[in-house]
Structures are given as structure tokens and as C-alpha cells.
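> File start-v8.txt below, compact mmCIF, C-alpha atoms:
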```txt
# COMPACT_ATOMS: atom_id res chain seq x y z
CA MET A 253 2.41 28.73 9.82
CA ILE A 254 -0.47 27.16 7.94
CA ILE A 255 1.77 26.76 4.87
CA LEU A 256 4.54 25.11 6.88
CA ASN A 257 2.18 22.88 8.84
CA SER A 258 0.16 21.79 5.79
CA LEU A 259 2.71 21.57 2.98
CA PHE A 260 5.94 20.56 4.71
CA PRO A 261 4.77 17.02 5.68
CA VAL A 262 3.53 16.35 2.13
CA PHE A 263 6.58 17.61 0.25
CA ALA A 264 8.93 16.06 2.83
CA LEU A 265 7.49 12.61 2.10
CA ILE A 266 7.73 13.23 -1.65
CA LEU A 267 11.39 14.21 -1.23
CA LEU A 268 11.95 11.14 0.94
CA GLY A 269 10.45 8.96 -1.78
CA SER A 270 12.81 10.48 -4.34
CA SER A 271 15.80 9.96 -2.03
CA LEU A 272 14.89 6.35 -1.31
CA LYS A 273 14.76 5.64 -5.05
CA HIS A 274 18.03 7.51 -5.66
CA TYR A 275 19.92 5.50 -3.04
CA GLY A 276 18.46 2.17 -4.15
CA LEU A 277 16.27 1.55 -1.11
CA THR A 278 13.27 1.30 -3.43
CA ASN A 279 13.14 0.29 -7.09
CA ASP A 280 10.79 0.30 -10.07
CA ALA A 281 9.28 -3.08 -9.14
CA PHE A 282 8.46 -1.86 -5.61
CA LEU A 283 6.97 1.41 -6.89
CA LYS A 284 4.84 -0.37 -9.48
CA THR A 285 3.44 -2.76 -6.88
CA SER A 286 2.91 0.11 -4.44
CA ASP A 287 1.01 2.12 -7.06
CA ARG A 288 -1.30 -0.80 -7.78
CA LEU A 289 -2.02 -1.39 -4.10
CA ILE A 290 -2.79 2.30 -3.55
CA TYR A 291 -4.94 2.65 -6.66
CA PHE A 292 -6.96 -0.56 -6.38
CA ILE A 293 -7.18 -1.13 -2.62
CA PHE A 294 -5.92 1.45 -0.13
CA PHE A 295 -7.17 4.74 -1.57
CA PRO A 296 -10.66 3.48 -2.57
CA ALA A 297 -11.01 2.00 0.92
CA MET A 298 -9.96 5.31 2.44
CA LEU A 299 -12.47 7.27 0.36
CA PHE A 300 -15.24 4.83 1.24
CA TRP A 301 -14.43 5.09 4.96
CA LYS A 302 -14.13 8.88 5.13
CA ILE A 303 -17.27 9.57 3.09
CA GLY A 304 -19.37 6.65 4.31
CA GLY A 305 -18.94 7.35 8.02
CA ALA A 306 -19.00 11.15 7.91
CA SER A 307 -21.47 12.88 10.18
CA THR A 308 -22.13 15.61 7.60
CA THR A 309 -22.57 14.21 4.11
CA GLY A 310 -24.69 16.89 2.49
CA ILE A 311 -23.64 17.62 -1.07
CA HIS A 312 -23.05 21.32 -1.77
CA TRP A 313 -24.28 21.39 -5.36
CA ASN A 314 -23.01 24.89 -6.16
CA TYR A 315 -19.56 23.79 -5.03
CA CYS A 316 -19.58 20.73 -7.31
CA ILE A 317 -21.14 22.53 -10.30
CA ALA A 318 -18.67 25.42 -10.11
CA ALA A 319 -15.74 22.98 -9.98
CA LEU A 320 -17.08 21.06 -13.00
CA LEU A 321 -17.47 24.30 -14.96
CA ALA A 322 -13.89 25.27 -14.08
CA VAL A 323 -12.65 21.91 -15.42
CA LEU A 324 -14.67 22.43 -18.60
CA ALA A 325 -13.19 25.91 -19.01
CA MET A 326 -9.64 24.51 -18.73
CA PHE A 327 -10.50 21.83 -21.27
CA LEU A 328 -11.68 24.45 -23.77
CA ILE A 329 -8.66 26.66 -23.06
CA SER A 330 -6.33 23.69 -23.63
CA LEU A 331 -7.93 23.07 -27.04
CA ALA A 332 -7.48 26.74 -27.95
CA ALA A 333 -3.83 26.59 -26.83
CA ILE A 334 -3.22 23.52 -28.99
CA ARG A 335 -4.26 25.52 -32.06
CA ILE A 336 -2.59 28.80 -31.06
CA LEU A 337 0.74 27.22 -30.08
CA GLY A 338 0.73 24.82 -33.03
CA ILE A 339 1.04 21.74 -30.81
CA SER A 340 1.39 18.52 -32.78
CA ASP A 341 -1.25 15.77 -32.68
CA PHE A 342 1.25 13.53 -30.90
CA GLN A 343 1.55 16.01 -28.02
CA ALA A 344 -1.96 17.47 -28.06
CA GLY A 345 -3.72 14.84 -25.96
CA THR A 346 -1.04 14.89 -23.28
CA PHE A 347 -0.97 18.69 -23.18
CA SER A 348 -4.75 18.95 -22.88
CA GLN A 349 -5.16 16.60 -19.94
CA SER A 350 -2.14 18.16 -18.20
CA CYS A 351 -4.18 21.37 -17.94
CA TYR A 352 -6.94 19.92 -15.74
CA ARG A 353 -6.09 16.45 -14.40
CA PHE A 354 -5.10 16.69 -10.75
CA ASN A 355 -3.06 14.59 -8.31
CA THR A 356 -5.66 13.07 -6.01
CA TYR A 357 -3.15 11.71 -3.49
CA ILE A 358 -1.40 15.04 -2.89
CA GLY A 359 -4.81 16.70 -2.71
CA MET A 360 -6.15 14.41 -0.03
CA ALA A 361 -2.93 14.64 1.99
CA ILE A 362 -2.99 18.45 2.02
CA VAL A 363 -6.73 18.66 2.69
CA ILE A 364 -6.37 16.38 5.72
CA THR A 365 -3.41 18.30 7.15
CA ALA A 366 -5.00 21.71 6.51
CA LEU A 367 -8.74 21.11 6.94
CA GLY A 368 -9.13 17.86 8.85
CA GLU A 369 -11.67 15.08 8.45
CA GLU A 370 -14.57 17.28 7.29
CA GLY A 371 -12.38 18.71 4.56
CA ALA A 372 -11.43 15.20 3.48
CA THR A 373 -15.12 14.34 3.20
CA GLN A 374 -15.81 17.38 1.02
CA PHE A 375 -12.80 16.58 -1.15
CA GLY A 376 -13.94 12.97 -1.53
CA ILE A 377 -17.42 14.04 -2.61
CA LEU A 378 -15.98 16.52 -5.10
CA ILE A 379 -13.65 14.04 -6.79
CA GLY A 380 -16.53 11.57 -7.00
CA PHE A 381 -18.19 14.03 -9.40
CA VAL A 382 -15.10 15.44 -11.08
CA ILE A 383 -13.10 12.30 -11.94
CA PRO A 384 -15.75 10.76 -14.27
CA PHE A 385 -16.13 14.10 -16.08
CA ILE A 386 -12.36 14.50 -16.44
CA ASN A 387 -12.03 10.95 -17.78
CA VAL A 388 -14.62 11.67 -20.48
CA LEU A 389 -12.76 14.82 -21.56
CA ALA A 390 -9.27 13.28 -21.41
CA VAL A 391 -10.09 10.05 -23.23
CA SER A 392 -12.09 11.90 -25.90
CA VAL A 393 -9.30 14.35 -26.76
CA LEU A 394 -6.63 11.63 -26.65
CA ILE A 395 -8.60 9.47 -29.06
CA TRP A 396 -9.31 12.44 -31.32
CA PHE A 397 -5.63 13.33 -31.71
CA SER A 398 -4.29 9.76 -31.64
CA GLY A 399 -5.16 9.10 -35.27
CA ARG A 400 -7.15 5.99 -34.40
CA ARG A 401 -10.10 5.55 -36.75
CA ILE A 402 -12.88 4.46 -34.42
CA GLY A 403 -16.58 5.11 -34.53
CA PRO A 404 -18.78 6.75 -31.90
CA ARG A 405 -19.76 3.39 -30.40
CA GLU A 406 -16.15 2.36 -29.79
CA ARG A 407 -15.32 5.82 -28.46
CA ILE A 408 -18.18 5.58 -25.96
CA LYS A 409 -17.08 2.06 -25.01
CA VAL A 410 -13.48 3.14 -24.26
CA THR A 411 -14.65 6.16 -22.26
CA ALA A 412 -17.26 4.20 -20.30
CA LYS A 413 -14.72 1.51 -19.46
CA SER A 414 -12.31 4.11 -18.07
CA ILE A 415 -15.07 5.36 -15.77
CA VAL A 416 -16.77 2.19 -14.52
CA THR A 417 -13.45 0.44 -13.83
CA ASN A 418 -11.96 3.41 -11.92
CA PRO A 419 -11.57 2.28 -8.27
CA LEU A 420 -11.53 5.87 -6.97
CA ILE A 421 -14.90 6.61 -8.55
CA LEU A 422 -16.33 3.36 -7.19
CA GLY A 423 -14.97 4.12 -3.70
CA CYS A 424 -16.53 7.61 -3.70
CA LEU A 425 -19.90 6.42 -4.97
CA ALA A 426 -19.99 3.53 -2.50
CA GLY A 427 -19.16 5.95 0.31
CA ILE A 428 -21.92 8.38 -0.68
CA ILE A 429 -24.50 5.56 -0.87
CA TYR A 430 -23.35 4.12 2.47
CA ALA A 431 -23.49 7.56 4.11
CA GLN A 432 -27.04 8.13 2.91
CA THR A 433 -28.25 4.71 4.08
CA ILE A 434 -26.28 3.30 7.02
CA ASN A 435 -23.73 6.01 7.90
CA ARG A 436 -22.14 4.06 10.79
CA PHE A 437 -19.41 1.44 10.73
CA PRO A 438 -19.24 -1.35 13.30
CA THR A 439 -16.19 -0.89 15.54
CA PHE A 440 -14.25 -3.82 14.08
CA LEU A 441 -14.80 -2.57 10.51
CA ASN A 442 -14.12 1.04 11.45
CA ASN A 443 -10.80 0.04 13.03
CA THR A 444 -9.86 -2.07 10.01
CA LEU A 445 -10.55 0.77 7.58
CA ARG A 446 -8.73 3.22 9.86
CA LEU A 447 -5.58 1.07 9.80
CA THR A 448 -5.87 0.63 6.05
CA SER A 449 -6.20 4.37 5.56
CA MET A 450 -3.13 5.07 7.68
CA VAL A 451 -1.02 3.28 5.06
CA THR A 452 -2.49 5.08 2.07
CA LEU A 453 -1.17 8.62 1.93
CA PRO A 454 2.40 8.05 3.18
CA LEU A 455 2.84 5.21 0.70
CA ALA A 456 1.28 7.27 -2.10
CA LEU A 457 3.56 10.26 -1.45
CA LEU A 458 6.65 8.03 -1.32
CA SER A 459 5.61 6.52 -4.66
CA ILE A 460 5.12 9.97 -6.20
CA GLY A 461 8.60 10.99 -5.10
CA GLY A 462 10.14 7.77 -6.38
CA ALA A 463 8.48 8.20 -9.78
CA LEU A 464 9.73 11.75 -10.35
CA THR A 465 12.44 11.87 -12.99
CA PHE A 466 14.14 14.94 -14.42
CA SER A 467 15.54 13.25 -17.52
CA ASN A 468 12.71 14.39 -19.82
CA LEU A 469 12.28 17.86 -18.34
CA ARG A 470 14.70 19.73 -20.61
CA GLY A 471 13.25 18.50 -23.91
CA GLY A 472 9.65 19.19 -22.95
CA LEU A 473 10.28 22.30 -20.87
CA LYS A 474 8.39 24.81 -23.05
CA LEU A 475 5.13 22.88 -23.34
CA SER A 476 5.29 21.50 -19.81
CA LEU A 477 5.73 25.05 -18.51
CA ALA A 478 2.73 26.21 -20.55
CA ALA A 479 0.59 23.32 -19.26
CA SER A 480 1.74 23.97 -15.69
CA ALA A 481 0.85 27.66 -16.05
CA VAL A 482 -2.68 26.76 -17.14
CA LYS A 483 -3.03 24.17 -14.37
CA LEU A 484 -1.50 26.13 -11.50
CA VAL A 485 -2.31 29.76 -12.38
CA LEU A 486 -5.26 29.99 -14.75
CA PHE A 487 -7.23 27.09 -13.25
CA PRO A 488 -7.22 28.58 -9.70
CA VAL A 489 -8.19 32.04 -11.00
CA VAL A 490 -11.12 30.68 -13.02
CA GLY A 491 -12.16 28.41 -10.15
CA TYR A 492 -12.03 31.30 -7.68
CA LEU A 493 -14.22 33.49 -9.90
CA LEU A 494 -16.76 30.68 -10.39
CA PHE A 495 -16.88 30.00 -6.65
CA ARG A 496 -17.63 33.67 -6.05
CA LEU A 497 -20.25 33.64 -8.80
CA PHE A 498 -21.97 30.58 -7.31
CA GLY A 499 -21.69 31.83 -3.74
CA VAL A 500 -19.42 29.02 -2.53
CA SER A 501 -17.91 29.80 0.88
CA GLY A 502 -16.63 28.22 4.08
CA LEU A 503 -15.15 24.73 4.06
CA PRO A 504 -16.22 23.88 0.48
CA PHE A 505 -14.48 27.06 -0.75
CA LYS A 506 -11.23 26.18 1.06
CA THR A 507 -11.33 22.58 -0.16
CA GLY A 508 -12.08 23.65 -3.73
CA MET A 509 -9.19 26.13 -3.83
CA ILE A 510 -6.79 23.35 -2.83
CA PHE A 511 -8.31 21.22 -5.60
CA PHE A 512 -7.74 23.96 -8.19
CA THR A 513 -4.07 24.40 -7.26
CA LEU A 514 -2.98 20.75 -7.31
CA PRO A 515 -0.24 19.52 -9.68
CA ALA A 516 -0.93 17.38 -12.72
CA ALA A 517 -1.86 13.76 -12.07
CA THR A 518 0.60 10.93 -12.63
CA SER A 519 -2.20 9.14 -14.51
CA ILE A 520 -1.65 11.40 -17.54
CA TYR A 521 1.48 9.34 -18.26
CA VAL A 522 -0.49 6.07 -18.25
CA LEU A 523 -3.27 7.37 -20.52
CA SER A 524 -0.75 8.98 -22.87
CA ALA A 525 1.07 5.66 -23.23
CA GLN A 526 -2.17 3.76 -23.85
CA LEU A 527 -3.54 6.18 -26.46
CA ASN A 528 -0.46 7.07 -28.51
CA SER A 529 0.47 10.44 -27.05
CA ASP A 530 3.72 11.99 -25.79
CA THR A 531 4.83 10.25 -22.57
CA GLU A 532 7.99 12.37 -22.31
CA LEU A 533 5.87 15.53 -22.20
CA ALA A 534 3.63 13.85 -19.62
CA SER A 535 6.62 13.02 -17.43
CA ALA A 536 8.04 16.55 -17.75
CA THR A 537 4.71 18.16 -16.85
CA ILE A 538 4.22 15.91 -13.82
CA VAL A 539 7.67 16.82 -12.47
CA LEU A 540 7.44 20.55 -13.19
CA SER A 541 3.86 21.01 -11.94
CA THR A 542 4.64 19.04 -8.76
CA LEU A 543 7.60 21.32 -7.99
CA LEU A 544 5.72 24.54 -8.83
CA SER A 545 2.56 23.49 -6.99
CA PHE A 546 4.24 24.45 -3.72
CA PHE A 547 3.62 28.08 -4.66
CA SER A 548 0.06 27.65 -5.97
CA LEU A 549 -0.93 25.57 -2.94
CA SER A 550 0.64 28.15 -0.62
CA ALA A 551 -1.52 30.85 -2.23
CA ALA A 552 -4.63 28.68 -1.86
CA LEU A 553 -3.94 28.04 1.83
CA LEU A 554 -3.45 31.76 2.48
CA LEU A 555 -6.94 32.40 1.09
```
When written as C-alpha cells, how does the structure in this file appear?

Amino acid sequence: MIILNSLFPVFALILLGSSLKHYGLTNDAFLKTSDRLIYFIFFPAMLFWKIGGASTTGIHWNYCIAALLAVLAMFLISLAAIRILGISDFQAGTFSQSCYRFNTYIGMAIVITALGEEGATQFGILIGFVIPFINVLAVSVLIWFSGRRIGPRERIKVTAKSIVTNPLILGCLAGIIYAQTINRFPTFLNNTLRLTSMVTLPLALLSIGGALTFSNLRGGLKLSLAASAVKLVLFPVVGYLLFRLFGVSGLPFKTGMIFFTLPAATSIYVLSAQLNSDTELASATIVLSTLLSFFSLSAALLL
């Protein structure tokens, strides 16, 4: 029942979003505006509220370190796969980030339905550490394979900009600081943030469903399947072993296993477009990994 209770609401809303787009009840303009509202306002506010007002805000360092090492391992494996599979420079950056970038919105939705508010807090703390690290890796490899001739200073500038302007990172960090200093919201502010947060995940899941397109899946099927296998099979196995090695257990273990089994992030399409990589492969991997993540997430929930 835990699989049905935790996954059905999430995938039902994604399917609804796809159906609404198919029947013309939403369109590209609506989805673009919705994505911007979620990314810049609703989701950062939700992260700030859930982390900042949590009663237990202790950071489990072994949990965060093991997750970071798992991301690093996937990054190195993706580079090895690029060489072994003979992936072109044009596709290399997209393929690499598809192996470790994760869909934050689906993750938070499943964590809340499966693990409740404390799980959401642990997930928020984890992504506050992981997202900056992932951005450094993703931007670095995209620039490396893009053919752009830029020096170390410009490379650092582009990477730093992607981190300090990321609203999700800012929301997590603000929440952690608030939790360690004030830790209580006045009733009027708590109610405002609660209402704001209620909008976030349903709207995000509808947008994910509306953005899914199968048109590019056939052409990029081979590489998108390889990237999805790394993301949904190898990543959870490596993460599980590292959690055992670092003695991670309880709620952090459950939250981390959901994190490891999430589909590829929709943001890989945006970065690929900005840094001269294969957007068709990005689109195919997003679709395929989202569909296949039902099975990886089911396995994580059974653990």
C-alpha cells in the first residue's frame, strides 16, 4: 500500500498535466509562466517554511556526505561512459548531467506523501548541499564539451552565477539560518507560507506532465536509456552502499533512497540549450526517466 499511497497521487497529477496540455486546457505560455512562478517564488518559499520552522533541524553530516559522494561517483561514471560509448561532444554534457541531476519537485512530493513533514525537512536540507555541488559538476562538463574557449576565471564566473542565483539554494540556506536562529514563524506569516506551499507541488507536477513530449524519444532512445539506467539503477545501488558504509539509518536513510531514485531534472534541458548541448537527448531522457522512475521509486519505498 505504501507504493500506491505515495506514488499514485504524484503520477496521477503528472498524467493530468499531460492530459490538460493534450486537450488544449493549458498551453506553452501557461506552462512557461507556471514554471517561473514555481522556480522563483513558490518552491523557494516552501523550502524556507519547511526548513525554517522545523522542530528538528539537526544536520546529519554522514547522510549529506554520503549523498555528495554518490553524486560524485555518478559524475565520474558518466565521464567514463562518454569515452566508452563514444558519445559526441555535442551530446556529452547532456548525457553527463542526466546521470545525476534529479527532479526536485517530484522528490519533495513523494517525500511528503511517504515520510511527512520531517522527511520534507531532511530532503530540503539535503538538496541545500547537493544542488550547488551538482551545478558545479554540470556546468563544468557542459562548458568543457561545448567547444567554448574560455579561461578559468570565466568558467568560475559562470559556475558561481549558476549557484548564487539559484532560488532553491537560497531558499534552503535561508531556511537553515532561520531555523538555527529564530525557528518560529508568527501565525500570520506561518499561514501565508502554508497557503503558498499548498500551491507549489500540484502546480509543479501539472507543469511536469504538460512539458513531457514523446517526439524526441525515438531518436535519442539508446543514449537516454543508458543515462536512465545510470540514474535509476546504478545511482541507487551506489547510494545504498555508501549509506551503509557511513552508517546512515532511519528517516535520513529513507529520504536519501528516494533522492537516489528520482528521475532526471527538467533543468537539464535548459542548461543544455544555454551551453550548446543536445536538447533532444535532454528531452528524451527526461521523458524516459520520469516514466521508469515509477519502478525505482517503488523499490526505494519498499526498503
> Give me, as number ranges by chain, all polymer residues having an atom no more than 10 Å from Leu543 of chain A, counting all atoms listed in the file and skipping those fewer than 6 positions away in the same chain.
A: 263, 515, 537
> Could you check the closest approach to Pro454 of chain A for each of A:Tyr352, A:Ser480, A:Met360, A:Leu320 and tell me which residue wins, using only C-alpha atoms?
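Among the listed residues, A:Met360 lies closest to Pro454 of chain A.
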> Identify which of the residues A:Ile364, A:Met326, A:Leu420, A:Cys316 lies closest to Val490 of chain A, counting all atoms listed in the file when measuring atom-to-atom distances.
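Closest to Val490 of chain A of all the choices is A:Met326.
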> Pick out the closest residue to Phe505 of chain A from this set: A:Asn279, A:Asn387, A:Asn314, A:Ser398. Count all atoms listed in the file.
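Under the stated criterion, the closest residue is A:Asn314.
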> Kindly give the distance, in Å, that separates atom CA of Leu457 of chain A and atom CA of Ile266 of chain A, rounded to a single decimal.
5.1 Å
> Which of these, A:Leu555, A:Val391, A:Met450, A:Val482, has the shortest distance to Ser501 of chain A once you count all atoms listed in the file?
A:Leu555
> Tell me, in Å to one decimal, how far atom CA of Asn257 of chain A is from atom CA of Ile379 of chain A.
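For atom CA of Asn257 of chain A relative to atom CA of Ile379 of chain A, the distance reads 23.9 Å.
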> Work out how far apart atom CA of Leu283 of chain A and atom CA of Ser459 of chain A are and give it in Å to one decimal.
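Between atom CA of Leu283 of chain A and atom CA of Ser459 of chain A the gap is 5.7 Å.
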> Between A:Leu473, A:Leu554, A:Ile311, A:Ala325, which has the minimum distance to Ser541 of chain A (counting only C-alpha atoms)?
A:Leu473
> Which of these, A:Ile255, A:Ala536, A:Ile290, A:Ala322, has the shortest distance to Phe495 of chain A once you count all atoms listed in the file?
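Distance minimum relative to Phe495 of chain A lands on A:Ala322.
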> Please provide as number ranges by chain all residues within 12 Å of Arg288 of chain A, with the sequence filter that same-chain residues fewer than 5 positions apart are discarded (counting all atoms listed in the file).
A: 281-283, 293-296, 419, 452, 455-456, 459
> At a cut-off of 10 Å from (-12.9, 22.9, -18.1) in the coordinates of the file, what residues are picked up using all atoms listed in the file, written as a list in words?
Ala319, Leu320, Leu321, Ala322, Val323, Leu324, Ala325, Met326, Phe327, Leu328, Ile329, Ser330, Cys351, Tyr352, Phe385, Ile386, Leu389, Phe487, Val490 and Gly491 of chain A
> Once you count all atoms listed in the file, which residues end up no further than 10 Å from (0.3, 28.1, -10.2) in the file's frame, shown as a PyMOL selection string?
chain A and resi 480-489+512-515+541+544-552
> Would you output segment 347-393 of chain A from that structure, restricted to C-alpha atoms, as a tab-separated table (two decimals), in the first residue's frame?

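Generated file (result-v9.tsv):
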```tsv
chain	number	residue	atom	x	y	z
A	347	PHE	CA	24.36	12.80	-21.07
A	348	SER	CA	26.59	13.51	-18.08
A	349	GLN	CA	24.14	15.68	-16.17
A	350	SER	CA	21.29	13.27	-16.97
A	351	CYS	CA	23.11	10.69	-14.84
A	352	TYR	CA	22.91	12.65	-11.57
A	353	ARG	CA	20.60	15.69	-11.81
A	354	PHE	CA	17.31	14.95	-10.06
A	355	ASN	CA	13.75	16.27	-10.23
A	356	THR	CA	13.35	18.26	-7.02
A	357	TYR	CA	9.59	18.74	-7.37
A	358	ILE	CA	8.78	15.05	-7.75
A	359	GLY	CA	11.18	14.31	-4.91
A	360	MET	CA	9.53	16.69	-2.47
A	361	ALA	CA	6.05	15.49	-3.44
A	362	ILE	CA	6.91	11.83	-2.81
A	363	VAL	CA	8.83	12.56	0.40
A	364	ILE	CA	5.85	14.46	1.81
A	365	THR	CA	3.34	11.74	0.90
A	366	ALA	CA	5.59	8.91	2.15
A	367	LEU	CA	7.50	10.43	5.07
A	368	GLY	CA	5.60	13.54	6.15
A	369	GLU	CA	6.89	16.89	7.31
A	370	GLU	CA	10.07	15.61	8.98
A	371	GLY	CA	11.04	13.85	5.78
A	372	ALA	CA	10.45	17.06	3.83
A	373	THR	CA	12.80	18.86	6.21
A	374	GLN	CA	15.53	16.26	5.71
A	375	PHE	CA	15.05	16.40	1.95
A	376	GLY	CA	15.25	20.20	1.99
A	377	ILE	CA	18.50	20.15	3.96
A	378	LEU	CA	19.98	17.55	1.62
A	379	ILE	CA	19.21	19.45	-1.58
A	380	GLY	CA	20.64	22.59	0.01
A	381	PHE	CA	24.01	20.82	-0.01
A	382	VAL	CA	23.62	18.77	-3.18
A	383	ILE	CA	22.29	21.34	-5.68
A	384	PRO	CA	25.35	23.67	-5.54
A	385	PHE	CA	27.67	20.67	-5.97
A	386	ILE	CA	25.65	19.34	-8.90
A	387	ASN	CA	25.64	22.76	-10.56
A	388	VAL	CA	29.44	22.92	-10.37
A	389	LEU	CA	29.77	19.48	-11.98
A	390	ALA	CA	27.10	20.04	-14.64
A	391	VAL	CA	28.25	23.49	-15.75
A	392	SER	CA	31.91	22.41	-15.80
A	393	VAL	CA	31.32	19.39	-18.04
```
